$ cat entry-v2.txt   # compact mmCIF, C-alpha atoms and all ligand atoms
# COMPACT_ATOMS: atom_id res chain seq x y z
CA MET A 238 0.00 0.00 0.00
CA ASP A 239 1.14 3.54 -0.74
CA PHE A 240 0.64 4.94 2.76
CA ALA A 241 2.57 8.14 2.02
CA GLY A 242 0.32 8.83 -0.97
CA GLU A 243 -2.81 8.10 1.07
CA ARG A 244 -1.59 10.41 3.82
CA GLU A 245 -1.08 13.25 1.36
CA THR A 246 -4.55 12.71 -0.10
CA MET A 247 -6.02 12.70 3.43
CA VAL A 248 -4.41 16.05 4.23
CA THR A 249 -5.58 17.59 0.97
CA ASN A 250 -9.14 16.23 0.84
CA GLN A 251 -10.13 15.75 4.48
CA ILE A 252 -8.32 18.63 6.16
CA ALA A 253 -7.00 21.46 3.98
CA ALA A 254 -10.21 21.41 1.90
CA ARG A 255 -12.39 21.90 5.00
CA GLY A 256 -10.93 24.95 6.65
CA ASP A 257 -8.06 27.30 7.32
CA PHE A 258 -5.24 25.38 8.89
CA ASP A 259 -1.84 26.56 9.99
CA ARG A 260 0.98 25.20 7.86
CA ALA A 261 2.52 23.55 10.95
CA VAL A 262 -0.69 21.58 11.60
CA LEU A 263 -0.89 20.32 8.01
CA ASP A 264 2.81 19.39 8.04
CA ALA A 265 2.36 17.51 11.33
CA MET A 266 -0.56 15.53 9.85
CA ARG A 267 1.67 14.82 6.81
CA ALA A 268 4.46 13.50 9.01
CA VAL A 269 2.82 10.94 11.32
CA PRO A 270 2.20 7.43 9.88
CA ARG A 271 -1.38 6.83 11.04
CA GLU A 272 -1.25 3.22 9.77
CA LYS A 273 1.12 2.45 12.68
CA PHE A 274 -1.49 3.60 15.24
CA VAL A 275 -4.31 1.24 14.26
CA PRO A 276 -4.51 -2.57 14.63
CA ASP A 277 -2.61 -4.31 11.77
CA ILE A 278 -5.83 -5.66 10.34
CA LEU A 279 -7.12 -2.08 9.85
CA ALA A 280 -3.92 -0.61 8.37
CA SER A 281 -5.49 -0.43 4.90
CA ARG A 282 -8.33 1.70 6.41
CA ALA A 283 -6.02 4.00 8.39
CA TYR A 284 -6.64 7.01 6.13
CA ASP A 285 -10.43 6.62 5.98
CA ASP A 286 -12.39 9.74 6.92
CA ARG A 287 -13.62 8.26 10.22
CA PRO A 288 -12.64 7.01 13.67
CA LEU A 289 -11.51 3.36 13.89
CA PRO A 290 -11.54 0.82 16.75
CA ILE A 291 -8.26 0.40 18.67
CA GLY A 292 -9.36 -2.16 21.31
CA GLU A 293 -10.77 -1.78 24.86
CA ASP A 294 -13.92 -0.41 23.20
CA GLN A 295 -12.07 2.81 22.31
CA THR A 296 -11.37 4.56 19.01
CA ILE A 297 -8.65 6.57 17.29
CA SER A 298 -10.28 9.90 16.36
CA GLN A 299 -11.14 10.88 12.79
CA PRO A 300 -8.13 12.68 11.21
CA PHE A 301 -10.10 15.90 10.68
CA VAL A 302 -11.11 16.05 14.34
CA VAL A 303 -7.49 15.63 15.44
CA ALA A 304 -6.38 18.47 13.14
CA TYR A 305 -9.32 20.66 14.19
CA MET A 306 -8.60 20.35 17.92
CA ILE A 307 -4.89 20.98 17.41
CA GLU A 308 -5.58 24.03 15.23
CA ALA A 309 -8.04 25.44 17.82
CA ALA A 310 -5.51 25.00 20.63
CA LYS A 311 -2.92 27.22 18.87
CA ILE A 312 0.08 25.08 19.73
CA GLY A 313 3.49 26.68 19.26
CA LYS A 314 6.98 25.23 19.09
CA ASP A 315 7.65 26.08 22.75
CA SER A 316 4.33 24.73 24.03
CA ARG A 317 4.05 22.16 26.80
CA VAL A 318 0.92 20.14 26.11
CA LEU A 319 -1.19 17.65 28.08
CA GLU A 320 -3.50 15.28 26.23
CA VAL A 321 -6.10 13.46 28.34
CA GLY A 322 -7.18 10.23 26.62
CA ALA A 323 -4.10 9.34 24.59
CA GLY A 324 -5.61 6.06 23.28
CA SER A 325 -3.42 4.91 20.38
CA GLY A 326 -1.11 7.90 20.87
CA TYR A 327 -1.89 9.26 17.40
CA ALA A 328 -3.03 12.75 18.41
CA ALA A 329 -0.17 13.01 20.93
CA ALA A 330 2.29 12.09 18.16
CA VAL A 331 0.85 14.75 15.83
CA ILE A 332 1.04 17.35 18.62
CA GLY A 333 4.63 16.27 19.26
CA GLN A 334 5.56 17.34 15.72
CA ILE A 335 4.65 20.92 16.65
CA ALA A 336 5.14 21.30 20.42
CA ALA A 337 8.20 21.14 22.68
CA GLN A 338 6.84 18.47 25.06
CA VAL A 339 3.67 16.37 25.11
CA PHE A 340 2.31 14.36 28.03
CA GLY A 341 -0.43 11.92 27.03
CA MET A 342 -2.48 10.23 29.77
CA GLU A 343 -4.41 7.01 29.17
CA ARG A 344 -6.41 5.02 31.73
CA HIS A 345 -6.27 1.69 29.83
CA ARG A 346 -2.83 0.22 30.56
CA THR A 347 -2.80 -1.96 27.45
CA LEU A 348 -3.45 1.05 25.20
CA ALA A 349 -0.91 3.20 27.06
CA GLU A 350 1.75 0.53 26.70
CA ALA A 351 1.09 0.09 22.98
CA ALA A 352 1.22 3.88 22.52
CA ARG A 353 4.54 4.08 24.42
CA ASN A 354 6.00 1.37 22.19
CA ARG A 355 4.95 3.29 19.09
CA MET A 356 6.68 6.46 20.30
CA ALA A 357 9.88 4.48 20.94
CA GLU A 358 9.71 2.79 17.54
CA LEU A 359 9.11 6.07 15.73
CA GLY A 360 11.71 7.96 17.77
CA TYR A 361 9.20 10.52 19.12
CA GLY A 362 11.27 11.37 22.20
CA ASN A 363 9.26 14.45 23.21
CA VAL A 364 6.00 12.48 23.58
CA HIS A 365 5.55 10.89 27.01
CA ILE A 366 2.66 8.45 27.52
CA LEU A 367 1.57 7.90 31.13
CA ASP A 368 -0.91 5.49 32.70
CA GLY A 369 -3.67 6.94 34.79
CA ASP A 370 -6.73 9.10 35.23
CA GLY A 371 -6.12 12.27 33.26
CA SER A 372 -9.19 14.05 34.62
CA LYS A 373 -6.97 14.96 37.57
CA GLY A 374 -4.35 16.33 35.18
CA LEU A 375 -0.65 15.87 35.80
CA PRO A 376 0.20 18.30 38.63
CA GLU A 377 3.92 17.45 38.65
CA GLU A 378 4.32 18.70 35.06
CA ALA A 379 1.88 21.67 35.26
CA PRO A 380 1.36 24.37 34.17
CA PHE A 381 0.52 23.55 30.56
CA ASP A 382 0.13 25.95 27.66
CA VAL A 383 -2.42 23.63 26.12
CA ILE A 384 -4.64 20.82 27.44
CA ILE A 385 -6.55 18.72 24.91
CA VAL A 386 -9.15 16.27 26.16
CA SER A 387 -9.95 13.48 23.69
CA ALA A 388 -12.93 12.09 25.65
CA GLY A 389 -16.13 13.80 26.73
CA GLY A 390 -18.08 14.19 29.96
CA GLU A 391 -20.79 16.31 31.48
CA ASP A 392 -18.50 18.84 33.01
CA ILE A 393 -15.04 20.31 32.87
CA PRO A 394 -12.67 18.81 35.47
CA GLU A 395 -11.49 21.63 37.73
CA ALA A 396 -7.97 20.19 38.00
CA LEU A 397 -7.49 20.82 34.28
CA CYS A 398 -8.48 24.49 34.61
CA ASP A 399 -6.08 24.82 37.57
CA GLN A 400 -3.19 23.34 35.62
CA LEU A 401 -3.43 25.76 32.67
CA ALA A 402 -0.81 28.51 32.37
CA ASP A 403 -2.06 32.09 32.12
CA GLY A 404 -3.14 32.54 28.50
CA GLY A 405 -3.35 28.74 28.17
CA ARG A 406 -6.03 26.94 26.16
CA LEU A 407 -8.19 23.96 27.17
CA VAL A 408 -10.00 22.18 24.33
CA ILE A 409 -12.61 19.72 25.61
CA PRO A 410 -15.85 18.05 24.44
CA VAL A 411 -18.64 18.65 26.97
CA GLY A 412 -22.19 17.31 26.95
CA PRO A 413 -24.84 15.26 28.71
CA HIS A 414 -24.48 12.32 26.30
CA HIS A 415 -21.83 11.12 23.85
CA LEU A 416 -24.13 11.93 20.93
CA ALA A 417 -24.66 15.50 22.17
CA GLN A 418 -21.31 17.06 22.94
CA ASP A 419 -20.08 20.54 22.22
CA LEU A 420 -16.37 21.11 21.64
CA LEU A 421 -15.36 23.96 23.94
CA LYS A 422 -12.24 26.10 24.00
CA LEU A 423 -11.45 27.83 27.29
CA THR A 424 -8.69 30.41 27.42
CA LYS A 425 -7.33 31.32 30.86
CA ARG A 426 -7.07 35.07 31.52
CA GLY A 427 -5.94 35.57 35.11
CA ASP A 428 -8.78 34.18 37.24
CA GLU A 429 -11.25 34.21 34.37
CA PHE A 430 -11.90 31.93 31.43
CA GLU A 431 -12.89 33.07 27.97
CA ARG A 432 -15.24 30.46 26.54
CA GLU A 433 -15.80 29.65 22.87
CA SER A 434 -17.94 26.93 21.29
CA LEU A 435 -16.39 25.12 18.33
CA GLY A 436 -19.34 22.95 17.29
CA GLY A 437 -20.89 19.53 17.82
CA VAL A 438 -18.69 16.45 18.25
CA ARG A 439 -18.90 12.80 19.38
CA PHE A 440 -16.21 11.42 21.67
CA VAL A 441 -16.03 8.30 23.84
CA PRO A 442 -16.80 8.97 27.54
CA LEU A 443 -14.29 10.62 29.86
CA VAL A 444 -14.18 8.19 32.80
CA GLU A 445 -13.27 9.91 36.05
CA GLY A 446 -11.63 8.03 38.87
N1 LIG A 501 -6.46 10.71 21.08
C1 LIG A 501 -6.72 9.30 20.94
C2 LIG A 501 -8.21 9.05 21.00
C3 LIG A 501 -8.51 7.96 21.97
S1 LIG A 501 -10.20 7.82 22.44
C4 LIG A 501 -6.07 8.74 19.70
O1 LIG A 501 -5.51 9.55 18.92
O2 LIG A 501 -6.04 7.53 19.52
C5 LIG A 501 -10.15 8.50 24.07
C6 LIG A 501 -9.35 7.75 25.09
O3 LIG A 501 -9.62 8.40 26.35
C7 LIG A 501 -9.71 6.28 25.31
O4 LIG A 501 -8.57 5.51 25.04
C8 LIG A 501 -10.07 6.21 26.80
O5 LIG A 501 -9.60 5.04 27.45
C9 LIG A 501 -9.40 7.44 27.36
N2 LIG A 501 -9.92 7.99 28.61
C10 LIG A 501 -11.21 8.18 29.00
N3 LIG A 501 -11.26 8.75 30.22
C11 LIG A 501 -9.97 8.95 30.61
C12 LIG A 501 -9.36 9.50 31.77
N4 LIG A 501 -10.08 9.98 32.79
N5 LIG A 501 -8.02 9.53 31.84
C13 LIG A 501 -7.25 9.04 30.82
N6 LIG A 501 -7.76 8.49 29.72
C14 LIG A 501 -9.10 8.46 29.59
$ encode --input "entry-v2.txt" --output "structure tokens"
Amino acid sequence: MDFAGERETMVTNQIAARGDFDRAVLDAMRAVPREKFVPDILASRAYDDRPLPIGEDQTISQPFVVAYMIEAAKIGKDSRVLEVGAGSGYAAAVIGQIAAQVFGMERHRTLAEAARNRMAELGYGNVHILDGDGSKGLPEEAPFDVIIVSAGGEDIPEALCDQLADGGRLVIPVGPHHLAQDLLKLTKRGDEFERESLGGVRFVPLVEG
């Protein structure tokens, strides 16, 4: 299979064609081999315009959604980023192409271990995958310039707001049900948060505890 060709087509047709994206975001999506983040049996479907199963009843997000969240978060080359819900590690790997350091938290040990192995194999030394409940954040590495949450719940965990740097951005799906979530962007301004709605999304549940 011509994965490089498929990747280029994905960036052109699924991402660049659907909005205004920073060059760095498009280049990051061009760089990461998505076929290595899905089960072998699904490698030929890796560049489909949809989420795919990755085991433990979880999914790797649709490529467009990954690019959209990263674009919204305004990640720079000096950014320290936390991703809650690292799953396959794909989004964390894409973020790692842009940011200085990425910490990806995943509550399923089997997924976290597979994601860690992928980072080692691909030589992504600035992407750190950790086991555990990311709804509590990662206080020992805070503050973060950006926190991206790749799973959705009814409310916004307070720990994540606390662990944002001043001017930092939190991108998180919030809603009463996984079929009715709104992607929110919160920007920290001193003690206040500027809140922006980025549209309807569907993410697997954020499991707290
Ligand atoms: N960004 C991932 C998408 C994975 S789906 C990727 O690119 O593959 C979301 C993931 O969030 C699932 O793997 C799920 O196990 C995880 N998750 C849900 N609640 C969590 C929590 N509180 N802490 C850490 N991970 C969580």
$ closest_atom_pairs --input "entry-v2.txt" --of "chain A" --to "ligand LIG 501 (chain A)" --cutoff "8 Å" --atoms "all atoms listed in the file" --output "tab-separated table"
residue	atom	partner	partner_atom	distance
A:Phe274	CA	A:LIG501	O2	7.4
A:Ile291	CA	A:LIG501	O2	7.5
A:Glu293	CA	A:LIG501	O5	7.4
A:Gln295	CA	A:LIG501	C7	5.2
A:Thr296	CA	A:LIG501	S1	4.9
A:Ile297	CA	A:LIG501	O2	3.6
A:Ser298	CA	A:LIG501	C2	5.2
A:Val303	CA	A:LIG501	O1	7.3
A:Glu320	CA	A:LIG501	N1	7.5
A:Val321	CA	A:LIG501	C13	5.2
A:Gly322	CA	A:LIG501	O3	3.1
A:Ala323	CA	A:LIG501	N1	4.4
A:Gly324	CA	A:LIG501	O4	3.5
A:Ser325	CA	A:LIG501	O2	3.8
A:Gly326	CA	A:LIG501	O1	5.1
A:Tyr327	CA	A:LIG501	O1	3.9
A:Ala328	CA	A:LIG501	O1	4.1
A:Ala329	CA	A:LIG501	O1	6.7
A:Met342	CA	A:LIG501	C13	5.0
A:Glu343	CA	A:LIG501	N6	3.7
A:Arg344	CA	A:LIG501	C13	4.2
A:His345	CA	A:LIG501	O5	5.3
A:Leu348	CA	A:LIG501	O4	6.8
A:Asp368	CA	A:LIG501	C13	7.5
A:Gly369	CA	A:LIG501	C13	5.7
A:Asp370	CA	A:LIG501	N5	3.7
A:Gly371	CA	A:LIG501	N5	3.6
A:Ser372	CA	A:LIG501	N4	4.6
A:Lys373	CA	A:LIG501	N4	7.6
A:Val386	CA	A:LIG501	O3	7.9
A:Ser387	CA	A:LIG501	C5	5.0
A:Ala388	CA	A:LIG501	C5	4.8
A:Gly389	CA	A:LIG501	C10	7.8
A:Phe440	CA	A:LIG501	S1	7.0
A:Val441	CA	A:LIG501	C5	5.9
A:Pro442	CA	A:LIG501	C10	5.8
A:Leu443	CA	A:LIG501	N3	3.6
A:Val444	CA	A:LIG501	N3	3.9
A:Glu445	CA	A:LIG501	N4	4.6
A:Gly446	CA	A:LIG501	N4	6.6
$ residues_around --input "entry-v2.txt" --residues "range 420-433 of chain A" --least-positions-apart "2" --cutoff "7 Å" --atoms "all atoms listed in the file" --output "compact mmCIF listing (two decimals) with C-alpha atoms, keeping the file's coordinate frame"
# COMPACT_ATOMS: atom_id res chain seq x y z
CA ASP A 403 -2.06 32.09 32.12
CA GLY A 404 -3.14 32.54 28.50
CA GLY A 405 -3.35 28.74 28.17
CA ARG A 406 -6.03 26.94 26.16
CA LEU A 407 -8.19 23.96 27.17
CA VAL A 408 -10.00 22.18 24.33
CA ILE A 409 -12.61 19.72 25.61
CA PRO A 410 -15.85 18.05 24.44
CA VAL A 411 -18.64 18.65 26.97
CA GLN A 418 -21.31 17.06 22.94
CA LEU A 435 -16.39 25.12 18.33
CA GLY A 436 -19.34 22.95 17.29
CA GLY A 437 -20.89 19.53 17.82
CA VAL A 438 -18.69 16.45 18.25
$ closest_residue --input "entry-v2.txt" --among "A:Met247, A:Ile332, A:Val318, A:Leu289" --to "Ala261 in chain A" --atoms "all atoms listed in the file"
A:Ile332
$ atom_distance --input "entry-v2.txt" --atom1 "CA of Val364 in chain A" --atom2 "CA of Asp294 in chain A"
23.7 Å
$ axis_aligned_box --input "entry-v2.txt" --around "range 361-378 of chain A" --padding-each-side "3 Å" --output "lines of an AutoDock Vina configuration file"
center_x = 1.0
center_y = 12.1
center_z = 28.9
size_x = 26.5
size_y = 19.2
size_z = 25.5
$ residues_around --input "entry-v2.txt" --residues "Met356 in chain A" --least-positions-apart "5" --cutoff "9 Å" --atoms "only C-alpha atoms" --output "JSON, numbers by chain"
{"A": [326, 330, 351, 361, 362, 363, 364, 365, 366]}
$ residues_near_point --input "entry-v2.txt" --point "(-4.6, 13.3, 2.1)" --cutoff "12 Å" --atoms "only C-alpha atoms" --output "MDAnalysis selection string"
chainID A and resid 239:255 263:264 266:268 270:271 283:286 300:301
$ atom_distance --input "entry-v2.txt" --atom1 "CA of Ala396 in chain A" --atom2 "CA of Leu367 in chain A"
17.0 Å
$ atom_distance --input "entry-v2.txt" --atom1 "CA of Ala309 in chain A" --atom2 "CA of Ala337 in chain A"
17.5 Å
$ closest_residue --input "entry-v2.txt" --among "A:Ser316, A:Ile335, A:Thr347, A:Glu391" --to "Gly292 in chain A" --atoms "all atoms listed in the file"
A:Thr347
$ closest_residue --input "entry-v2.txt" --among "A:Glu272, A:Glu377, A:Asp382, A:Asp259" --to "Met238 in chain A" --atoms "all atoms listed in the file"
A:Glu272
$ closest_residue --input "entry-v2.txt" --among "A:Asp419, A:Glu350, A:Asp399, A:Asp392" --to "Gly374 in chain A" --atoms "all atoms listed in the file"
A:Asp399
$ decode --input "entry-v2.txt" --residues "range 282-392 of chain A" --atoms "C-alpha atoms" --output "PDB file, in the first residue's frame"
ATOM      1  CA  ARG A 282      -8.327   1.696   6.410  1.00  0.00           C
ATOM      2  CA  ALA A 283      -6.020   3.999   8.391  1.00  0.00           C
ATOM      3  CA  TYR A 284      -6.639   7.011   6.135  1.00  0.00           C
ATOM      4  CA  ASP A 285     -10.431   6.623   5.982  1.00  0.00           C
ATOM      5  CA  ASP A 286     -12.393   9.737   6.921  1.00  0.00           C
ATOM      6  CA  ARG A 287     -13.618   8.257  10.217  1.00  0.00           C
ATOM      7  CA  PRO A 288     -12.644   7.011  13.672  1.00  0.00           C
ATOM      8  CA  LEU A 289     -11.505   3.361  13.894  1.00  0.00           C
ATOM      9  CA  PRO A 290     -11.537   0.823  16.752  1.00  0.00           C
ATOM     10  CA  ILE A 291      -8.262   0.398  18.674  1.00  0.00           C
ATOM     11  CA  GLY A 292      -9.365  -2.163  21.312  1.00  0.00           C
ATOM     12  CA  GLU A 293     -10.770  -1.784  24.861  1.00  0.00           C
ATOM     13  CA  ASP A 294     -13.923  -0.408  23.203  1.00  0.00           C
ATOM     14  CA  GLN A 295     -12.069   2.808  22.314  1.00  0.00           C
ATOM     15  CA  THR A 296     -11.368   4.563  19.013  1.00  0.00           C
ATOM     16  CA  ILE A 297      -8.651   6.568  17.286  1.00  0.00           C
ATOM     17  CA  SER A 298     -10.277   9.897  16.360  1.00  0.00           C
ATOM     18  CA  GLN A 299     -11.140  10.875  12.788  1.00  0.00           C
ATOM     19  CA  PRO A 300      -8.129  12.681  11.208  1.00  0.00           C
ATOM     20  CA  PHE A 301     -10.101  15.899  10.675  1.00  0.00           C
ATOM     21  CA  VAL A 302     -11.114  16.049  14.340  1.00  0.00           C
ATOM     22  CA  VAL A 303      -7.492  15.635  15.435  1.00  0.00           C
ATOM     23  CA  ALA A 304      -6.379  18.469  13.141  1.00  0.00           C
ATOM     24  CA  TYR A 305      -9.319  20.664  14.193  1.00  0.00           C
ATOM     25  CA  MET A 306      -8.599  20.348  17.921  1.00  0.00           C
ATOM     26  CA  ILE A 307      -4.891  20.984  17.413  1.00  0.00           C
ATOM     27  CA  GLU A 308      -5.581  24.033  15.232  1.00  0.00           C
ATOM     28  CA  ALA A 309      -8.039  25.439  17.815  1.00  0.00           C
ATOM     29  CA  ALA A 310      -5.506  24.999  20.627  1.00  0.00           C
ATOM     30  CA  LYS A 311      -2.916  27.221  18.870  1.00  0.00           C
ATOM     31  CA  ILE A 312       0.083  25.083  19.730  1.00  0.00           C
ATOM     32  CA  GLY A 313       3.490  26.682  19.256  1.00  0.00           C
ATOM     33  CA  LYS A 314       6.980  25.227  19.085  1.00  0.00           C
ATOM     34  CA  ASP A 315       7.650  26.085  22.746  1.00  0.00           C
ATOM     35  CA  SER A 316       4.326  24.727  24.025  1.00  0.00           C
ATOM     36  CA  ARG A 317       4.049  22.160  26.801  1.00  0.00           C
ATOM     37  CA  VAL A 318       0.925  20.137  26.106  1.00  0.00           C
ATOM     38  CA  LEU A 319      -1.188  17.648  28.084  1.00  0.00           C
ATOM     39  CA  GLU A 320      -3.499  15.283  26.234  1.00  0.00           C
ATOM     40  CA  VAL A 321      -6.100  13.459  28.337  1.00  0.00           C
ATOM     41  CA  GLY A 322      -7.184  10.234  26.616  1.00  0.00           C
ATOM     42  CA  ALA A 323      -4.101   9.342  24.587  1.00  0.00           C
ATOM     43  CA  GLY A 324      -5.605   6.061  23.279  1.00  0.00           C
ATOM     44  CA  SER A 325      -3.422   4.912  20.376  1.00  0.00           C
ATOM     45  CA  GLY A 326      -1.114   7.899  20.872  1.00  0.00           C
ATOM     46  CA  TYR A 327      -1.885   9.257  17.402  1.00  0.00           C
ATOM     47  CA  ALA A 328      -3.034  12.746  18.409  1.00  0.00           C
ATOM     48  CA  ALA A 329      -0.168  13.014  20.927  1.00  0.00           C
ATOM     49  CA  ALA A 330       2.289  12.087  18.158  1.00  0.00           C
ATOM     50  CA  VAL A 331       0.850  14.754  15.829  1.00  0.00           C
ATOM     51  CA  ILE A 332       1.039  17.346  18.624  1.00  0.00           C
ATOM     52  CA  GLY A 333       4.634  16.268  19.265  1.00  0.00           C
ATOM     53  CA  GLN A 334       5.555  17.339  15.723  1.00  0.00           C
ATOM     54  CA  ILE A 335       4.652  20.923  16.648  1.00  0.00           C
ATOM     55  CA  ALA A 336       5.145  21.299  20.418  1.00  0.00           C
ATOM     56  CA  ALA A 337       8.202  21.141  22.680  1.00  0.00           C
ATOM     57  CA  GLN A 338       6.837  18.475  25.061  1.00  0.00           C
ATOM     58  CA  VAL A 339       3.670  16.372  25.110  1.00  0.00           C
ATOM     59  CA  PHE A 340       2.311  14.357  28.033  1.00  0.00           C
ATOM     60  CA  GLY A 341      -0.428  11.918  27.029  1.00  0.00           C
ATOM     61  CA  MET A 342      -2.476  10.233  29.772  1.00  0.00           C
ATOM     62  CA  GLU A 343      -4.406   7.006  29.170  1.00  0.00           C
ATOM     63  CA  ARG A 344      -6.412   5.015  31.734  1.00  0.00           C
ATOM     64  CA  HIS A 345      -6.265   1.689  29.830  1.00  0.00           C
ATOM     65  CA  ARG A 346      -2.835   0.224  30.557  1.00  0.00           C
ATOM     66  CA  THR A 347      -2.803  -1.965  27.446  1.00  0.00           C
ATOM     67  CA  LEU A 348      -3.451   1.054  25.197  1.00  0.00           C
ATOM     68  CA  ALA A 349      -0.910   3.200  27.057  1.00  0.00           C
ATOM     69  CA  GLU A 350       1.747   0.528  26.695  1.00  0.00           C
ATOM     70  CA  ALA A 351       1.090   0.093  22.975  1.00  0.00           C
ATOM     71  CA  ALA A 352       1.224   3.882  22.517  1.00  0.00           C
ATOM     72  CA  ARG A 353       4.538   4.081  24.415  1.00  0.00           C
ATOM     73  CA  ASN A 354       6.003   1.368  22.194  1.00  0.00           C
ATOM     74  CA  ARG A 355       4.948   3.285  19.089  1.00  0.00           C
ATOM     75  CA  MET A 356       6.677   6.460  20.300  1.00  0.00           C
ATOM     76  CA  ALA A 357       9.880   4.484  20.944  1.00  0.00           C
ATOM     77  CA  GLU A 358       9.707   2.789  17.541  1.00  0.00           C
ATOM     78  CA  LEU A 359       9.108   6.074  15.733  1.00  0.00           C
ATOM     79  CA  GLY A 360      11.712   7.961  17.775  1.00  0.00           C
ATOM     80  CA  TYR A 361       9.203  10.523  19.119  1.00  0.00           C
ATOM     81  CA  GLY A 362      11.274  11.370  22.197  1.00  0.00           C
ATOM     82  CA  ASN A 363       9.260  14.452  23.212  1.00  0.00           C
ATOM     83  CA  VAL A 364       5.997  12.485  23.580  1.00  0.00           C
ATOM     84  CA  HIS A 365       5.546  10.893  27.012  1.00  0.00           C
ATOM     85  CA  ILE A 366       2.664   8.446  27.525  1.00  0.00           C
ATOM     86  CA  LEU A 367       1.573   7.904  31.130  1.00  0.00           C
ATOM     87  CA  ASP A 368      -0.914   5.490  32.704  1.00  0.00           C
ATOM     88  CA  GLY A 369      -3.669   6.940  34.790  1.00  0.00           C
ATOM     89  CA  ASP A 370      -6.733   9.100  35.227  1.00  0.00           C
ATOM     90  CA  GLY A 371      -6.118  12.273  33.256  1.00  0.00           C
ATOM     91  CA  SER A 372      -9.189  14.049  34.624  1.00  0.00           C
ATOM     92  CA  LYS A 373      -6.968  14.961  37.570  1.00  0.00           C
ATOM     93  CA  GLY A 374      -4.355  16.326  35.183  1.00  0.00           C
ATOM     94  CA  LEU A 375      -0.650  15.868  35.801  1.00  0.00           C
ATOM     95  CA  PRO A 376       0.202  18.304  38.631  1.00  0.00           C
ATOM     96  CA  GLU A 377       3.922  17.452  38.653  1.00  0.00           C
ATOM     97  CA  GLU A 378       4.316  18.701  35.063  1.00  0.00           C
ATOM     98  CA  ALA A 379       1.884  21.670  35.261  1.00  0.00           C
ATOM     99  CA  PRO A 380       1.358  24.368  34.171  1.00  0.00           C
ATOM    100  CA  PHE A 381       0.521  23.546  30.557  1.00  0.00           C
ATOM    101  CA  ASP A 382       0.128  25.953  27.656  1.00  0.00           C
ATOM    102  CA  VAL A 383      -2.424  23.633  26.117  1.00  0.00           C
ATOM    103  CA  ILE A 384      -4.635  20.825  27.439  1.00  0.00           C
ATOM    104  CA  ILE A 385      -6.549  18.725  24.910  1.00  0.00           C
ATOM    105  CA  VAL A 386      -9.152  16.273  26.163  1.00  0.00           C
ATOM    106  CA  SER A 387      -9.953  13.480  23.690  1.00  0.00           C
ATOM    107  CA  ALA A 388     -12.927  12.087  25.646  1.00  0.00           C
ATOM    108  CA  GLY A 389     -16.126  13.800  26.729  1.00  0.00           C
ATOM    109  CA  GLY A 390     -18.079  14.191  29.955  1.00  0.00           C
ATOM    110  CA  GLU A 391     -20.794  16.307  31.484  1.00  0.00           C
ATOM    111  CA  ASP A 392     -18.498  18.843  33.010  1.00  0.00           C
TER     112      ASP A 392
END
